[in-house]
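What follows is protein.tsv (TSV, C-alpha atoms).
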```tsv
chain	number	residue	atom	x	y	z
A	898	MET	CA	-2.00	-44.29	-27.21
A	899	ASN	CA	0.11	-43.04	-30.09
A	900	PRO	CA	0.89	-39.33	-30.64
A	901	ALA	CA	-1.45	-39.02	-33.64
A	902	SER	CA	-4.49	-40.36	-31.76
A	903	ALA	CA	-3.65	-38.15	-28.77
A	904	GLN	CA	-3.47	-35.18	-31.08
A	905	HIS	CA	-6.82	-36.11	-32.66
A	906	ALA	CA	-8.39	-36.49	-29.23
A	907	ALA	CA	-7.08	-33.07	-28.19
A	908	LEU	CA	-8.43	-31.49	-31.40
A	909	ARG	CA	-11.81	-33.14	-30.85
A	910	ILE	CA	-11.95	-31.73	-27.29
A	911	LEU	CA	-10.90	-28.30	-28.57
A	912	LEU	CA	-13.59	-28.37	-31.28
A	913	GLU	CA	-16.20	-29.34	-28.70
A	914	ASP	CA	-15.20	-26.26	-26.68
A	915	VAL	CA	-15.13	-23.93	-29.73
A	916	ASP	CA	-18.52	-24.98	-31.14
A	917	PRO	CA	-20.60	-23.43	-28.28
A	918	LEU	CA	-18.52	-20.27	-28.56
A	919	LEU	CA	-19.28	-20.03	-32.27
A	920	GLN	CA	-22.99	-20.50	-31.58
A	921	ARG	CA	-22.91	-17.73	-28.97
A	922	ALA	CA	-21.06	-15.46	-31.41
A	923	GLU	CA	-23.74	-16.10	-34.07
A	924	GLU	CA	-26.50	-15.34	-31.54
A	925	ALA	CA	-24.73	-12.14	-30.53
A	926	ALA	CA	-24.42	-11.12	-34.20
A	927	GLN	CA	-28.15	-11.74	-34.72
A	928	THR	CA	-28.99	-9.73	-31.60
A	929	LEU	CA	-26.77	-6.90	-32.76
A	930	THR	CA	-28.43	-6.89	-36.18
A	931	LYS	CA	-31.86	-6.74	-34.54
A	932	VAL	CA	-30.81	-3.92	-32.21
A	933	ARG	CA	-29.31	-1.99	-35.12
A	934	GLU	CA	-32.56	-2.33	-37.10
A	935	GLU	CA	-34.59	-1.16	-34.11
A	936	LEU	CA	-32.22	1.77	-33.59
A	937	ASP	CA	-32.52	2.75	-37.26
A	938	ALA	CA	-36.31	2.59	-37.01
A	939	ASP	CA	-36.27	4.68	-33.81
A	940	LEU	CA	-33.95	7.24	-35.40
A	941	MET	CA	-36.27	7.48	-38.42
A	942	THR	CA	-39.25	7.98	-36.11
A	943	LEU	CA	-37.35	10.65	-34.19
A	944	GLY	CA	-36.49	12.43	-37.42
A	945	GLU	CA	-40.12	12.39	-38.52
A	946	LEU	CA	-41.29	13.74	-35.14
A	947	VAL	CA	-38.71	16.52	-35.21
A	948	GLN	CA	-39.80	17.45	-38.73
A	949	LYS	CA	-43.48	17.46	-37.70
A	950	SER	CA	-42.74	19.74	-34.74
A	951	ILE	CA	-40.75	22.08	-36.98
A	952	ASP	CA	-43.59	22.11	-39.52
A	953	ALA	CA	-46.18	22.83	-36.78
A	954	GLN	CA	-44.37	25.83	-35.32
A	955	PRO	CA	-45.39	28.37	-38.00
A	956	ALA	CA	-49.06	27.38	-37.64
A	957	MET	CA	-48.87	27.76	-33.85
A	958	LEU	CA	-47.18	31.14	-34.18
A	959	GLU	CA	-49.86	32.29	-36.62
A	960	ALA	CA	-52.58	31.18	-34.18
A	961	VAL	CA	-50.90	33.16	-31.39
A	962	ARG	CA	-50.66	36.23	-33.65
A	963	LYS	CA	-54.36	35.95	-34.51
A	964	LEU	CA	-55.26	35.57	-30.85
A	965	SER	CA	-53.20	38.62	-29.98
A	966	ALA	CA	-54.86	40.62	-32.74
A	967	SER	CA	-58.30	39.50	-31.52
A	968	ALA	CA	-57.45	40.53	-27.97
A	969	ALA	CA	-56.28	43.92	-29.24
A	970	ARG	CA	-59.54	44.38	-31.18
A	971	ILE	CA	-61.58	43.43	-28.11
A	972	GLU	CA	-59.62	45.88	-26.00
A	973	ALA	CA	-60.03	48.63	-28.61
A	974	ALA	CA	-63.78	47.95	-28.84
A	975	LEU	CA	-64.10	48.13	-25.07
A	976	GLN	CA	-62.11	51.37	-24.97
A	977	PHE	CA	-64.35	52.83	-27.70
A	978	GLN	CA	-67.47	51.71	-25.85
A	979	VAL	CA	-66.30	53.33	-22.61
A	980	VAL	CA	-65.36	56.59	-24.35
A	981	SER	CA	-68.46	56.80	-26.57
A	982	ASN	CA	-70.96	55.79	-23.90
A	983	PRO	CA	-69.59	56.40	-20.38
A	984	GLY	CA	-72.97	55.85	-18.71
A	985	ARG	CA	-73.35	52.41	-20.22
A	986	ALA	CA	-69.85	51.40	-19.06
A	987	GLU	CA	-70.90	52.21	-15.52
A	988	ARG	CA	-74.00	50.03	-15.87
A	989	TRP	CA	-71.95	47.06	-17.23
A	990	PRO	CA	-68.70	47.03	-15.24
A	991	GLY	CA	-68.53	43.25	-15.56
A	992	ALA	CA	-68.15	43.42	-19.37
A	993	ILE	CA	-64.48	44.30	-19.09
A	994	TRP	CA	-63.91	41.42	-16.69
A	995	ILE	CA	-65.75	39.02	-18.98
A	996	ALA	CA	-63.60	40.10	-21.94
A	997	CYS	CA	-60.43	39.72	-19.84
A	998	ALA	CA	-61.48	36.29	-18.61
A	999	THR	CA	-62.33	35.16	-22.15
A	1000	SER	CA	-58.98	36.41	-23.41
A	1001	ALA	CA	-57.18	34.65	-20.55
A	1002	VAL	CA	-58.99	31.37	-21.23
A	1003	LEU	CA	-58.16	31.53	-24.94
A	1004	SER	CA	-54.51	32.34	-24.18
A	1005	ALA	CA	-54.27	29.49	-21.66
A	1006	THR	CA	-55.82	27.08	-24.17
A	1007	ILE	CA	-53.33	27.99	-26.89
A	1008	VAL	CA	-50.35	27.88	-24.52
A	1009	SER	CA	-51.51	24.49	-23.20
A	1010	GLY	CA	-51.87	23.17	-26.73
A	1011	ILE	CA	-48.39	24.35	-27.65
A	1012	ALA	CA	-46.95	22.78	-24.49
A	1013	TRP	CA	-48.76	19.50	-25.19
A	1014	ILE	CA	-47.54	19.32	-28.78
A	1015	GLY	CA	-44.00	20.23	-27.71
A	1016	SER	CA	-43.90	17.67	-24.91
A	1017	ARG	CA	-44.79	14.78	-27.25
A	1018	GLU	CA	-41.49	15.23	-29.06
A	1019	PHE	CA	-39.54	15.22	-25.80
A	1020	VAL	CA	-41.29	12.07	-24.58
A	1021	GLU	CA	-40.40	10.27	-27.81
A	1022	GLN	CA	-36.82	11.52	-27.60
A	1023	ALA	CA	-36.56	10.23	-24.03
A	1024	ARG	CA	-37.90	6.82	-25.08
A	1025	ILE	CA	-35.37	6.56	-27.89
A	1026	GLY	CA	-32.60	7.73	-25.58
A	1027	ARG	CA	-33.44	5.05	-23.04
A	1028	ALA	CA	-33.43	2.38	-25.78
A	1029	LEU	CA	-30.06	3.64	-26.98
A	1030	GLN	CA	-28.62	3.57	-23.46
A	1031	SER	CA	-29.78	0.02	-22.85
A	1032	ALA	CA	-28.28	-1.22	-26.13
A	1033	TRP	CA	-25.10	0.90	-26.01
A	1034	THR	CA	-22.84	-1.77	-24.51
A	1035	SER	CA	-23.86	-4.32	-27.13
A	1036	MET	CA	-23.16	-1.99	-30.08
A	1037	ASP	CA	-20.06	-2.36	-32.17
A	1038	PRO	CA	-17.66	0.62	-32.40
A	1039	ALA	CA	-18.83	1.55	-35.91
A	1040	THR	CA	-22.44	1.90	-34.76
A	1041	ARG	CA	-21.38	3.87	-31.71
A	1042	SER	CA	-19.36	6.29	-33.82
A	1043	LYS	CA	-22.29	6.68	-36.23
A	1044	VAL	CA	-24.64	7.50	-33.33
A	1045	LYS	CA	-22.11	9.98	-31.90
A	1046	GLU	CA	-21.78	11.58	-35.34
A	1047	LEU	CA	-25.57	11.93	-35.66
A	1048	LEU	CA	-25.77	13.40	-32.14
A	1049	GLY	CA	-23.08	15.91	-33.10
A	1050	LYS	CA	-25.14	17.03	-36.11
A	1051	SER	CA	-28.32	17.62	-34.10
```

Would you mind giving the structure from this file in structure tokens?
Amino acid sequence: MNPASAQHAALRILLEDVDPLLQRAEEAAQTLTKVREELDADLMTLGELVQKSIDAQPAMLEAVRKLSASAARIEAALQFQVVSNPGRAERWPGAIWIACATSAVLSATIVSGIAWIGSREFVEQARIGRALQSAWTSMDPATRSKVKELLGKS
């Protein structure tokens, strides 16, 4: 075997070893692109959910204010009824308890609604966080720094 054919044989063997590595690198690049697209979509969804929760807060606060005002009017009406007609208040002692129970039920309903709306955002954030953690090791340094930068802004 002459030196040129030995060199060609060695190059052929080397190329046979490099080709699978190149294929794996291409697959890894495709996977990374897919993960990056999914992360971008998840980040967009998270941004939209955060914006929706921020937009919903004034409406919830207004509902709580209205409920508080209604409870104050009910209490004032009951106070007026007791003062203006003390005999009737003695005949209907359960009216105060009914008003209190109604107010408590309305308050519990509003607080439950606020908690439910608020928890949806946290569930979505947890889902996105888990996806980010599972893909973190496969991300390139530029993507990692971009995610860290976005986390620093929030």

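The residue that comes closest to Trp1013 of chain A, out of A:Glu923, A:Glu935, A:Val1044, A:Ser950 and on the basis of all atoms listed in the file, is A:Ser950.
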
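Take atom CA of Ala960 of chain A and atom CA of Ile1011 of chain A: the distance between them is 10.3 Å.
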
- Item | Best match for closeness to Leu1047 of chain A among A:Leu912, A:Leu943, A:Ala1005, A:Met957, counting only C-alpha atoms |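 Of A:Leu912, A:Leu943, A:Ala1005, A:Met957, the one nearest Leu1047 of chain A, counting only C-alpha atoms, is A:Leu943.
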
Students should find that atom CA of Ala973 of chain A and atom CA of Cys997 of chain A are spaced 12.5 Å

Nearest to Ala969 of chain A, restricted to all atoms listed in the file and choosing among A:Thr1006, A:Gln1022, A:Ser1000, A:Lys1050, comes out as A:Ser1000
